[in-house]
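Here's input_18.pdb, which has PDB, C-alpha atoms, pLDDT in the B column:
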ATOM      1  CA  MET A   1       0.000   0.000   0.000  1.00 97.00           C
ATOM      2  CA  LYS A   2       1.277   3.448  -0.922  1.00 98.00           C
ATOM      3  CA  ILE A   3       0.750   5.981   1.869  1.00 98.00           C
ATOM      4  CA  ALA A   4       1.184   9.757   2.153  1.00 98.00           C
ATOM      5  CA  ILE A   5       2.018  11.197   5.585  1.00 97.00           C
ATOM      6  CA  PHE A   6       1.215  14.872   6.170  1.00 98.00           C
ATOM      7  CA  GLN A   7       3.573  16.500   8.682  1.00 98.00           C
ATOM      8  CA  THR A   8       2.625  20.148   8.974  1.00 98.00           C
ATOM      9  CA  LYS A   9       2.232  23.191  11.171  1.00 98.00           C
ATOM     10  CA  LEU A  10      -1.347  23.913  12.237  1.00 98.00           C
ATOM     11  CA  VAL A  11      -3.165  27.237  12.552  1.00 98.00           C
ATOM     12  CA  TRP A  12      -4.566  27.589  16.047  1.00 98.00           C
ATOM     13  CA  GLU A  13      -8.324  26.988  16.267  1.00 98.00           C
ATOM     14  CA  SER A  14      -8.997  27.764  12.603  1.00 98.00           C
ATOM     15  CA  PRO A  15     -10.596  24.837  10.734  1.00 98.00           C
ATOM     16  CA  LYS A  16     -10.993  26.869   7.544  1.00 98.00           C
ATOM     17  CA  LYS A  17      -7.338  27.977   7.408  1.00 98.00           C
ATOM     18  CA  ASN A  18      -6.118  24.472   8.185  1.00 98.00           C
ATOM     19  CA  ARG A  19      -8.267  22.983   5.447  1.00 98.00           C
ATOM     20  CA  VAL A  20      -6.823  25.492   2.981  1.00 98.00           C
ATOM     21  CA  LEU A  21      -3.281  24.715   4.173  1.00 97.00           C
ATOM     22  CA  ILE A  22      -3.706  20.954   3.895  1.00 98.00           C
ATOM     23  CA  GLN A  23      -5.577  21.244   0.603  1.00 98.00           C
ATOM     24  CA  GLU A  24      -2.438  22.642  -1.013  1.00 96.00           C
ATOM     25  CA  TYR A  25      -0.584  19.483   0.002  1.00 95.00           C
ATOM     26  CA  ILE A  26      -3.367  17.210  -1.182  1.00 96.00           C
ATOM     27  CA  ASP A  27      -3.521  18.966  -4.549  1.00 95.00           C
ATOM     28  CA  SER A  28       0.191  18.292  -5.023  1.00 93.00           C
ATOM     29  CA  CYS A  29      -0.359  14.535  -4.617  1.00 90.00           C
ATOM     30  CA  ASP A  30      -0.929  12.371  -7.653  1.00 88.00           C
ATOM     31  CA  ASP A  31      -3.617   9.697  -7.680  1.00 89.00           C
ATOM     32  CA  SER A  32      -1.331   6.776  -6.826  1.00 93.00           C
ATOM     33  CA  TYR A  33      -1.642   7.105  -3.044  1.00 96.00           C
ATOM     34  CA  GLU A  34      -4.063   4.756  -1.338  1.00 98.00           C
ATOM     35  CA  LEU A  35      -4.094   6.341   2.126  1.00 98.00           C
ATOM     36  CA  LEU A  36      -3.541   9.936   3.295  1.00 98.00           C
ATOM     37  CA  ILE A  37      -2.833  10.416   7.017  1.00 98.00           C
ATOM     38  CA  LEU A  38      -3.262  13.757   8.831  1.00 98.00           C
ATOM     39  CA  PRO A  39      -2.252  14.611  12.440  1.00 98.00           C
ATOM     40  CA  GLU A  40      -4.418  14.703  15.547  1.00 98.00           C
ATOM     41  CA  MET A  41      -6.862  17.653  15.690  1.00 98.00           C
ATOM     42  CA  PHE A  42      -5.681  18.735  12.254  1.00 98.00           C
ATOM     43  CA  THR A  43      -8.303  21.502  12.048  1.00 98.00           C
ATOM     44  CA  SER A  44      -7.348  23.253  15.290  1.00 98.00           C
ATOM     45  CA  GLY A  45      -4.240  22.086  17.058  1.00 98.00           C
ATOM     46  CA  PHE A  46      -4.555  20.380  20.453  1.00 98.00           C
ATOM     47  CA  THR A  47      -7.128  22.709  21.942  1.00 98.00           C
ATOM     48  CA  MET A  48      -9.033  22.461  25.199  1.00 98.00           C
ATOM     49  CA  ASN A  49     -11.562  24.962  23.826  1.00 98.00           C
ATOM     50  CA  PRO A  50     -13.759  22.620  21.791  1.00 98.00           C
ATOM     51  CA  GLU A  51     -16.613  25.107  21.641  1.00 98.00           C
ATOM     52  CA  ASN A  52     -14.448  27.279  19.364  1.00 98.00           C
ATOM     53  CA  VAL A  53     -13.848  24.632  16.686  1.00 98.00           C
ATOM     54  CA  ALA A  54     -16.283  21.727  17.086  1.00 98.00           C
ATOM     55  CA  GLU A  55     -18.199  20.531  14.052  1.00 98.00           C
ATOM     56  CA  PRO A  56     -20.967  17.974  13.507  1.00 98.00           C
ATOM     57  CA  MET A  57     -20.417  14.769  11.573  1.00 98.00           C
ATOM     58  CA  ASP A  58     -22.039  16.364   8.533  1.00 97.00           C
ATOM     59  CA  GLY A  59     -20.021  19.569   8.901  1.00 98.00           C
ATOM     60  CA  GLU A  60     -17.619  21.294   6.525  1.00 98.00           C
ATOM     61  CA  THR A  61     -14.509  19.310   7.448  1.00 98.00           C
ATOM     62  CA  ILE A  62     -16.163  15.919   7.073  1.00 98.00           C
ATOM     63  CA  GLN A  63     -17.580  16.981   3.707  1.00 98.00           C
ATOM     64  CA  TRP A  64     -14.118  18.255   2.738  1.00 98.00           C
ATOM     65  CA  MET A  65     -12.575  14.891   3.672  1.00 98.00           C
ATOM     66  CA  GLN A  66     -15.209  13.055   1.650  1.00 98.00           C
ATOM     67  CA  PHE A  67     -14.597  15.282  -1.352  1.00 98.00           C
ATOM     68  CA  ASN A  68     -10.846  14.689  -1.255  1.00 98.00           C
ATOM     69  CA  ALA A  69     -11.221  10.957  -0.708  1.00 98.00           C
ATOM     70  CA  LYS A  70     -13.444  10.662  -3.764  1.00 97.00           C
ATOM     71  CA  ASN A  71     -11.393  13.081  -5.844  1.00 97.00           C
ATOM     72  CA  LYS A  72      -8.101  11.292  -5.119  1.00 97.00           C
ATOM     73  CA  ASN A  73      -9.656   7.818  -4.975  1.00 97.00           C
ATOM     74  CA  SER A  74      -7.853   7.396  -1.682  1.00 98.00           C
ATOM     75  CA  ALA A  75      -8.788   6.890   1.946  1.00 98.00           C
ATOM     76  CA  ILE A  76      -8.039   9.818   4.255  1.00 98.00           C
ATOM     77  CA  THR A  77      -7.808   9.837   8.037  1.00 98.00           C
ATOM     78  CA  GLY A  78      -7.002  12.159  10.934  1.00 98.00           C
ATOM     79  CA  SER A  79      -8.707  13.419  14.088  1.00 98.00           C
ATOM     80  CA  LEU A  80     -10.765  16.559  14.713  1.00 98.00           C
ATOM     81  CA  VAL A  81     -13.120  17.966  17.334  1.00 98.00           C
ATOM     82  CA  ILE A  82     -16.669  16.694  16.889  1.00 98.00           C
ATOM     83  CA  ALA A  83     -19.795  17.873  18.720  1.00 98.00           C
ATOM     84  CA  GLU A  84     -22.453  15.210  19.186  1.00 98.00           C
ATOM     85  CA  ASN A  85     -25.394  14.802  21.580  1.00 96.00           C
ATOM     86  CA  GLY A  86     -24.191  17.652  23.773  1.00 97.00           C
ATOM     87  CA  ASN A  87     -20.668  16.249  24.128  1.00 98.00           C
ATOM     88  CA  TYR A  88     -17.300  16.883  22.486  1.00 98.00           C
ATOM     89  CA  PHE A  89     -15.071  14.141  21.112  1.00 98.00           C
ATOM     90  CA  ASN A  90     -11.491  13.976  19.872  1.00 98.00           C
ATOM     91  CA  ARG A  91     -12.594  11.788  16.981  1.00 98.00           C
ATOM     92  CA  LEU A  92     -10.450  10.029  14.410  1.00 98.00           C
ATOM     93  CA  VAL A  93     -12.381   9.781  11.166  1.00 98.00           C
ATOM     94  CA  PHE A  94     -11.477   7.269   8.456  1.00 99.00           C
ATOM     95  CA  VAL A  95     -13.043   8.201   5.121  1.00 98.00           C
ATOM     96  CA  PHE A  96     -13.045   5.618   2.328  1.00 98.00           C
ATOM     97  CA  PRO A  97     -12.646   6.563  -1.363  1.00 98.00           C
ATOM     98  CA  ASN A  98     -16.411   6.175  -1.848  1.00 98.00           C
ATOM     99  CA  GLY A  99     -17.091   8.672   0.962  1.00 98.00           C
ATOM    100  CA  GLU A 100     -18.196   6.152   3.568  1.00 98.00           C
ATOM    101  CA  ILE A 101     -16.991   6.826   7.113  1.00 98.00           C
ATOM    102  CA  GLU A 102     -15.833   4.866  10.134  1.00 98.00           C
ATOM    103  CA  TYR A 103     -14.601   6.577  13.288  1.00 98.00           C
ATOM    104  CA  TYR A 104     -12.830   6.068  16.605  1.00 98.00           C
ATOM    105  CA  ASP A 105     -13.162   8.305  19.669  1.00 98.00           C
ATOM    106  CA  LYS A 106      -9.899   8.716  21.568  1.00 98.00           C
ATOM    107  CA  ARG A 107     -10.008   6.447  24.597  1.00 98.00           C
ATOM    108  CA  HIS A 108      -7.029   7.677  26.610  1.00 98.00           C
ATOM    109  CA  LEU A 109      -7.620  11.377  27.225  1.00 98.00           C
ATOM    110  CA  PHE A 110      -4.543  13.388  28.188  1.00 98.00           C
ATOM    111  CA  THR A 111      -5.104  14.282  31.842  1.00 97.00           C
ATOM    112  CA  LEU A 112      -1.924  16.387  32.012  1.00 96.00           C
ATOM    113  CA  ALA A 113      -3.688  18.919  29.765  1.00 97.00           C
ATOM    114  CA  GLY A 114      -7.155  18.360  31.265  1.00 98.00           C
ATOM    115  CA  GLU A 115      -8.482  16.720  28.105  1.00 98.00           C
ATOM    116  CA  GLU A 116     -10.757  14.450  30.157  1.00 98.00           C
ATOM    117  CA  LYS A 117     -12.551  17.511  31.564  1.00 98.00           C
ATOM    118  CA  VAL A 118     -13.812  18.740  28.187  1.00 98.00           C
ATOM    119  CA  TYR A 119     -13.969  15.643  25.966  1.00 98.00           C
ATOM    120  CA  GLU A 120     -15.841  12.369  26.286  1.00 98.00           C
ATOM    121  CA  LYS A 121     -13.635   9.300  26.012  1.00 97.00           C
ATOM    122  CA  GLY A 122     -14.285   6.513  23.567  1.00 97.00           C
ATOM    123  CA  THR A 123     -14.879   2.919  24.551  1.00 92.00           C
ATOM    124  CA  GLU A 124     -14.645   0.992  21.286  1.00 94.00           C
ATOM    125  CA  LYS A 125     -11.472   0.015  19.449  1.00 96.00           C
ATOM    126  CA  LEU A 126     -11.810   0.330  15.682  1.00 98.00           C
ATOM    127  CA  ILE A 127     -10.422  -2.107  13.128  1.00 98.00           C
ATOM    128  CA  VAL A 128     -10.789  -0.822   9.562  1.00 98.00           C
ATOM    129  CA  GLU A 129     -10.828  -3.222   6.631  1.00 98.00           C
ATOM    130  CA  TYR A 130      -9.326  -1.495   3.603  1.00 98.00           C
ATOM    131  CA  LYS A 131      -7.813  -2.948   0.443  1.00 97.00           C
ATOM    132  CA  GLY A 132      -7.047  -6.284   2.068  1.00 98.00           C
ATOM    133  CA  TRP A 133      -5.455  -4.665   5.138  1.00 98.00           C
ATOM    134  CA  LEU A 134      -6.729  -4.635   8.715  1.00 98.00           C
ATOM    135  CA  ILE A 135      -5.910  -1.214  10.154  1.00 98.00           C
ATOM    136  CA  CYS A 136      -6.091  -0.130  13.802  1.00 98.00           C
ATOM    137  CA  PRO A 137      -6.157   3.696  14.060  1.00 98.00           C
ATOM    138  CA  LEU A 138      -5.479   5.273  17.468  1.00 98.00           C
ATOM    139  CA  VAL A 139      -4.790   8.768  18.791  1.00 98.00           C
ATOM    140  CA  CYS A 140      -1.694  10.229  20.485  1.00 98.00           C
ATOM    141  CA  TYR A 141      -1.837   9.379  24.227  1.00 98.00           C
ATOM    142  CA  ASP A 142      -3.157   5.904  23.338  1.00 98.00           C
ATOM    143  CA  LEU A 143       0.460   5.145  22.397  1.00 98.00           C
ATOM    144  CA  ARG A 144       1.422   4.914  26.084  1.00 98.00           C
ATOM    145  CA  PHE A 145      -1.025   2.076  26.760  1.00 97.00           C
ATOM    146  CA  PRO A 146       0.150  -1.186  25.170  1.00 96.00           C
ATOM    147  CA  VAL A 147      -2.731  -3.326  26.444  1.00 95.00           C
ATOM    148  CA  PHE A 148      -5.316  -1.327  24.498  1.00 95.00           C
ATOM    149  CA  SER A 149      -3.041  -1.323  21.437  1.00 96.00           C
ATOM    150  CA  ARG A 150      -2.392  -5.064  21.644  1.00 96.00           C
ATOM    151  CA  ASN A 151      -2.839  -6.966  18.414  1.00 97.00           C
ATOM    152  CA  VAL A 152      -5.636  -9.322  19.410  1.00 95.00           C
ATOM    153  CA  GLU A 153      -7.454  -8.703  16.099  1.00 95.00           C
ATOM    154  CA  ASN A 154      -4.558  -9.756  13.875  1.00 96.00           C
ATOM    155  CA  TYR A 155      -4.361  -6.278  12.360  1.00 98.00           C
ATOM    156  CA  ASP A 156      -1.664  -5.447   9.822  1.00 98.00           C
ATOM    157  CA  LEU A 157      -1.148  -1.729  10.379  1.00 98.00           C
ATOM    158  CA  LEU A 158      -1.279   0.340  13.565  1.00 98.00           C
ATOM    159  CA  ILE A 159      -1.649   4.109  13.142  1.00 99.00           C
ATOM    160  CA  TYR A 160      -1.201   6.853  15.737  1.00 99.00           C
ATOM    161  CA  VAL A 161      -2.111  10.443  14.829  1.00 98.00           C
ATOM    162  CA  ALA A 162      -0.737  12.926  17.325  1.00 98.00           C
ATOM    163  CA  ASN A 163       0.167  16.316  18.702  1.00 98.00           C
ATOM    164  CA  TRP A 164       3.205  15.001  20.622  1.00 98.00           C
ATOM    165  CA  PRO A 165       5.448  17.768  22.040  1.00 98.00           C
ATOM    166  CA  LYS A 166       9.205  18.173  21.792  1.00 98.00           C
ATOM    167  CA  GLN A 167       9.969  17.602  25.478  1.00 97.00           C
ATOM    168  CA  ARG A 168       8.595  14.057  25.296  1.00 98.00           C
ATOM    169  CA  ILE A 169       9.687  13.150  21.767  1.00 98.00           C
ATOM    170  CA  ASN A 170      12.064  10.454  23.019  1.00 98.00           C
ATOM    171  CA  ALA A 171       9.046   8.576  24.400  1.00 98.00           C
ATOM    172  CA  TRP A 172       7.279   8.946  21.036  1.00 98.00           C
ATOM    173  CA  ASN A 173      10.224   7.475  19.173  1.00 98.00           C
ATOM    174  CA  SER A 174      10.742   4.634  21.641  1.00 98.00           C
ATOM    175  CA  LEU A 175       7.091   3.655  22.025  1.00 98.00           C
ATOM    176  CA  LEU A 176       6.342   3.582  18.304  1.00 98.00           C
ATOM    177  CA  LYS A 177       9.193   1.135  17.842  1.00 98.00           C
ATOM    178  CA  ALA A 178       8.015  -0.921  20.817  1.00 98.00           C
ATOM    179  CA  ARG A 179       4.444  -1.138  19.508  1.00 98.00           C
ATOM    180  CA  ALA A 180       5.775  -2.418  16.166  1.00 98.00           C
ATOM    181  CA  ILE A 181       7.968  -5.070  17.769  1.00 98.00           C
ATOM    182  CA  GLU A 182       5.449  -6.408  20.254  1.00 97.00           C
ATOM    183  CA  ASN A 183       2.580  -6.516  17.731  1.00 98.00           C
ATOM    184  CA  LEU A 184       4.559  -7.743  14.710  1.00 98.00           C
ATOM    185  CA  SER A 185       2.830  -4.979  12.780  1.00 98.00           C
ATOM    186  CA  TYR A 186       3.680  -1.968  10.679  1.00 98.00           C
ATOM    187  CA  VAL A 187       3.320   1.146  12.832  1.00 98.00           C
ATOM    188  CA  ILE A 188       2.837   4.663  11.484  1.00 98.00           C
ATOM    189  CA  GLY A 189       3.004   7.707  13.764  1.00 98.00           C
ATOM    190  CA  VAL A 190       1.949  11.068  12.301  1.00 98.00           C
ATOM    191  CA  ASN A 191       2.830  14.112  14.385  1.00 98.00           C
ATOM    192  CA  ARG A 192       2.632  17.858  13.741  1.00 98.00           C
ATOM    193  CA  ILE A 193       5.387  20.494  13.853  1.00 98.00           C
ATOM    194  CA  GLY A 194       5.548  24.141  14.952  1.00 98.00           C
ATOM    195  CA  LEU A 195       4.302  26.121  17.971  1.00 97.00           C
ATOM    196  CA  ASP A 196       0.758  26.273  19.254  1.00 97.00           C
ATOM    197  CA  ALA A 197      -0.992  29.078  21.161  1.00 96.00           C
ATOM    198  CA  ASN A 198       0.236  27.626  24.459  1.00 95.00           C
ATOM    199  CA  ASP A 199       3.872  27.915  23.280  1.00 95.00           C
ATOM    200  CA  MET A 200       4.067  24.148  23.090  1.00 97.00           C
ATOM    201  CA  GLU A 201       6.654  23.136  20.507  1.00 98.00           C
ATOM    202  CA  TYR A 202       6.250  20.151  18.193  1.00 98.00           C
ATOM    203  CA  VAL A 203       9.139  18.689  16.226  1.00 98.00           C
ATOM    204  CA  GLY A 204       7.397  16.055  14.147  1.00 98.00           C
ATOM    205  CA  SER A 205       9.392  12.838  13.973  1.00 98.00           C
ATOM    206  CA  SER A 206       6.501  11.277  12.075  1.00 98.00           C
ATOM    207  CA  GLN A 207       7.686   7.844  11.101  1.00 98.00           C
ATOM    208  CA  VAL A 208       7.007   4.382   9.796  1.00 98.00           C
ATOM    209  CA  ASN A 209       8.420   1.296  11.501  1.00 98.00           C
ATOM    210  CA  ASP A 210       8.139  -2.187  10.082  1.00 98.00           C
ATOM    211  CA  TYR A 211       6.916  -5.296  11.906  1.00 98.00           C
ATOM    212  CA  LEU A 212      10.364  -5.906  13.415  1.00 98.00           C
ATOM    213  CA  GLY A 213      10.696  -2.330  14.648  1.00 98.00           C
ATOM    214  CA  ASP A 214      13.091  -1.241  11.922  1.00 98.00           C
ATOM    215  CA  GLU A 215      12.604   2.344  10.818  1.00 97.00           C
ATOM    216  CA  ILE A 216      11.515   2.738   7.198  1.00 98.00           C
ATOM    217  CA  ILE A 217      11.187   6.513   7.228  1.00 97.00           C
ATOM    218  CA  ASN A 218      11.501   9.339   9.764  1.00 98.00           C
ATOM    219  CA  CYS A 219      10.314  12.799   8.725  1.00 97.00           C
ATOM    220  CA  GLU A 220      12.355  14.459  11.514  1.00 97.00           C
ATOM    221  CA  ASP A 221      11.303  18.136  11.820  1.00 97.00           C
ATOM    222  CA  GLU A 222      10.574  18.858   8.151  1.00 96.00           C
ATOM    223  CA  GLN A 223       7.243  20.132   6.903  1.00 96.00           C
ATOM    224  CA  GLY A 224       5.659  18.406   3.938  1.00 96.00           C
ATOM    225  CA  ILE A 225       4.317  15.169   2.512  1.00 96.00           C
ATOM    226  CA  PHE A 226       6.290  11.989   2.999  1.00 97.00           C
ATOM    227  CA  ILE A 227       5.661   8.850   0.985  1.00 97.00           C
ATOM    228  CA  VAL A 228       6.059   5.240   2.049  1.00 97.00           C
ATOM    229  CA  GLU A 229       5.082   1.864   0.632  1.00 97.00           C
ATOM    230  CA  ILE A 230       4.400  -1.102   2.887  1.00 98.00           C
ATOM    231  CA  ASN A 231       4.160  -4.767   1.941  1.00 98.00           C
ATOM    232  CA  LYS A 232       1.685  -7.075   3.663  1.00 98.00           C
ATOM    233  CA  GLU A 233       3.030 -10.226   2.030  1.00 97.00           C
ATOM    234  CA  GLU A 234       6.529  -9.700   3.445  1.00 97.00           C
ATOM    235  CA  MET A 235       5.074  -9.008   6.885  1.00 98.00           C
ATOM    236  CA  GLN A 236       2.984 -12.174   6.780  1.00 97.00           C
ATOM    237  CA  LYS A 237       6.023 -14.274   5.860  1.00 97.00           C
ATOM    238  CA  THR A 238       7.799 -12.960   8.951  1.00 97.00           C
ATOM    239  CA  ARG A 239       4.768 -13.595  11.155  1.00 97.00           C
ATOM    240  CA  ASN A 240       4.474 -17.153   9.900  1.00 96.00           C
ATOM    241  CA  LYS A 241       8.158 -17.753  10.535  1.00 96.00           C
ATOM    242  CA  LEU A 242       8.335 -16.265  14.040  1.00 96.00           C
ATOM    243  CA  ASN A 243       4.807 -16.954  15.338  1.00 92.00           C
ATOM    244  CA  PHE A 244       5.287 -14.576  18.282  1.00 93.00           C
ATOM    245  CA  LEU A 245       1.641 -13.476  18.225  1.00 93.00           C
ATOM    246  CA  ASN A 246       0.557 -17.054  18.930  1.00 92.00           C
ATOM    247  CA  ASP A 247       2.043 -16.720  22.416  1.00 92.00           C
ATOM    248  CA  LYS A 248       0.345 -13.468  23.389  1.00 88.00           C
ATOM    249  CA  ASP A 249      -1.489 -13.185  26.705  1.00 87.00           C
ATOM    250  CA  VAL A 250      -5.260 -13.183  27.010  1.00 83.00           C
ATOM    251  CA  PHE A 251      -6.686 -10.232  28.933  1.00 82.00           C
ATOM    252  CA  LYS A 252      -9.853  -8.264  29.500  1.00 83.00           C
ATOM    253  CA  ILE A 253     -10.024  -4.468  29.455  1.00 81.00           C
ATOM    254  CA  GLU A 254     -12.387  -2.879  31.982  1.00 77.00           C
ATOM    255  CA  LEU A 255     -14.058   0.075  30.238  1.00 70.00           C
TER     256      LEU A 255
END

Could the structure of this file be written out as structure tokens, please?
Amino acid sequence: MKIAIFQTKLVWESPKKNRVLIQEYIDSCDDSYELLILPEMFTSGFTMNPENVAEPMDGETIQWMQFNAKNKNSAITGSLVIAENGNYFNRLVFVFPNGEIEYYDKRHLFTLAGEEKVYEKGTEKLIVEYKGWLICPLVCYDLRFPVFSRNVENYDLLIYVANWPKQRINAWNSLLKARAIENLSYVIGVNRIGLDANDMEYVGSSQVNDYLGDEIINCEDEQGIFIVEINKEEMQKTRNKLNFLNDKDVFKIEL
């Protein structure tokens, strides 16, 4: 599968400006990419003011994602602030090329920033079936919790979209590699760059690690689109040879 990773600065709490910014990148892509991945809260930055940026599931950003998915004949995913039934969600939306949608609400809300005080946490893990791949998309702080990320569904690709700051970037780099190794899965982490309104600095380090934890690409602190191709057949050969997932523990998550 050919994948485009979007590592970019974000305009604080401005969905319209961020859509325009990202649209320029999307327009520069040809039609060979099968999946486009945007960062966490790509319309706003990591805001604790959801009332300033929240949209419904039939709002402008969702329609924009559907348009681009159809226009590029590619899936597109990333998280944004959604308002629904009187609550706010940090919701990852996965839009298929035909415009259909599946979504995942961030389960592990970042208490250090008070995210749990303004957003409702999700309870359901999402496994997306797309072009013969099983994909598990998660959001930022979820990366620190290996039990929830554990490959009990035999997924092929684990995705984390994030606003992960500079002062903890070593954890980002280490945990992405660990999740790949322990789950015998490709792992893609897509982070933003730049400063936000809280003077929090982000240095990217968006990356792709293979099923053995070897780094395929690291975007470091550059802004732009980064392209990677991943191979399910090669991964499956390694899984069949090593069989590590057959020895995984059985557990139950209390929601």

Hits of the PyMOL selection byres ((chain A and resi 42) around 7) in this structure, as a ChimeraX atom specification: /A:10,38-41,43-45,78-80

Which one of A:Lys70, A:Lys166, A:Arg91, A:Lys16 sits closest to Leu35 in chain A if you count all atoms listed in the file?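 Closest to Leu35 in chain A of all the choices is A:Lys70.
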
Have a look at CA of Ile37 in chain A and CA of Thr123 in chain A and let me know their distance in Å, one decimal.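 It comes out at 22.6 Å.
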
Could you expand the PyMOL selection byres ((chain A and resi 185-187) around 8) into the explicit residues it covers here, written as an mmCIF file with C-alpha atoms, in the frame of the given file?
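Heads up, here's the output in part.cif:
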data_model
loop_
_atom_site.group_PDB
_atom_site.id
_atom_site.type_symbol
_atom_site.label_atom_id
_atom_site.label_comp_id
_atom_site.auth_asym_id
_atom_site.auth_seq_id
_atom_site.Cartn_x
_atom_site.Cartn_y
_atom_site.Cartn_z
ATOM 1 C CA TYR A 155 -4.361 -6.278 12.360
ATOM 2 C CA ASP A 156 -1.664 -5.447 9.822
ATOM 3 C CA LEU A 157 -1.148 -1.729 10.379
ATOM 4 C CA LEU A 158 -1.279 0.340 13.565
ATOM 5 C CA ILE A 159 -1.649 4.109 13.142
ATOM 6 C CA TYR A 160 -1.201 6.853 15.737
ATOM 7 C CA LEU A 176 6.342 3.582 18.304
ATOM 8 C CA LYS A 177 9.193 1.135 17.842
ATOM 9 C CA ARG A 179 4.444 -1.138 19.508
ATOM 10 C CA ALA A 180 5.775 -2.418 16.166
ATOM 11 C CA ILE A 181 7.968 -5.070 17.769
ATOM 12 C CA ASN A 183 2.580 -6.516 17.731
ATOM 13 C CA LEU A 184 4.559 -7.743 14.710
ATOM 14 C CA ILE A 188 2.837 4.663 11.484
ATOM 15 C CA GLY A 189 3.004 7.707 13.764
ATOM 16 C CA VAL A 208 7.007 4.382 9.796
ATOM 17 C CA ASN A 209 8.420 1.296 11.501
ATOM 18 C CA ASP A 210 8.139 -2.187 10.082
ATOM 19 C CA TYR A 211 6.916 -5.296 11.906
ATOM 20 C CA LEU A 212 10.364 -5.906 13.415
ATOM 21 C CA ILE A 230 4.400 -1.102 2.887
ATOM 22 C CA MET A 235 5.074 -9.008 6.885
#

Once the PyMOL selection byres ((chain A and resi 223) around 6) has been evaluated on this model, what residues remain selected, and can you format them as a list in words? Gln7, Thr8, Glu222 and Gly224 of chain A

Rounded to one decimal, what separation in Å do you get between CA of Met200 in chain A and CA of Pro165 in chain A?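 Separation between CA of Met200 in chain A and CA of Pro165 in chain A: 6.6 Å.
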
Scan for residues within 6 Å of the point (10.1, 7.2, 13.7) in the coordinates of the file, using all atoms listed in the file, and reply as number ranges by chain. A: 173, 205-208, 218

At most 8 Å from (3.7, -11.5, 19.0), file frame, all atoms listed in the file: which residues, as a count of residues only? 11

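Closest approach to Thr61 in chain A among A:Val81, A:Leu242, A:Gln167, A:Asn49: A:Val81, based on only C-alpha atoms.
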
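Put simply, CA of Ile135 in chain A is 27.7 Å away from CA of Val20 in chain A.
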
Counting only C-alpha atoms, which residue out of A:Trp172, A:Tyr119, A:Tyr88, A:Tyr33 sits closest to Asn71 in chain A?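 Answer, going by the shortest atom-to-atom distance: A:Tyr33.
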
Determine the nearest neighbour of Val228 in chain A from the options A:Ile82, A:Ala197, A:Val147, A:Ile5, counting only C-alpha atoms. A:Ile5

Give the answer as one residue: which of A:Leu138, A:Val250, A:Val118, A:Ala69 has the shortest atom-to-atom distance to Glu100 in chain A, using only C-alpha atoms?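 Among the listed residues, A:Ala69 lies closest to Glu100 in chain A.
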
Among listed residues A:Met1, A:Arg239, A:Ile101, A:Asn163, nearest Leu195 in chain A (using only C-alpha atoms):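 Among the listed residues, the smallest separation from Leu195 in chain A belongs to A:Asn163.
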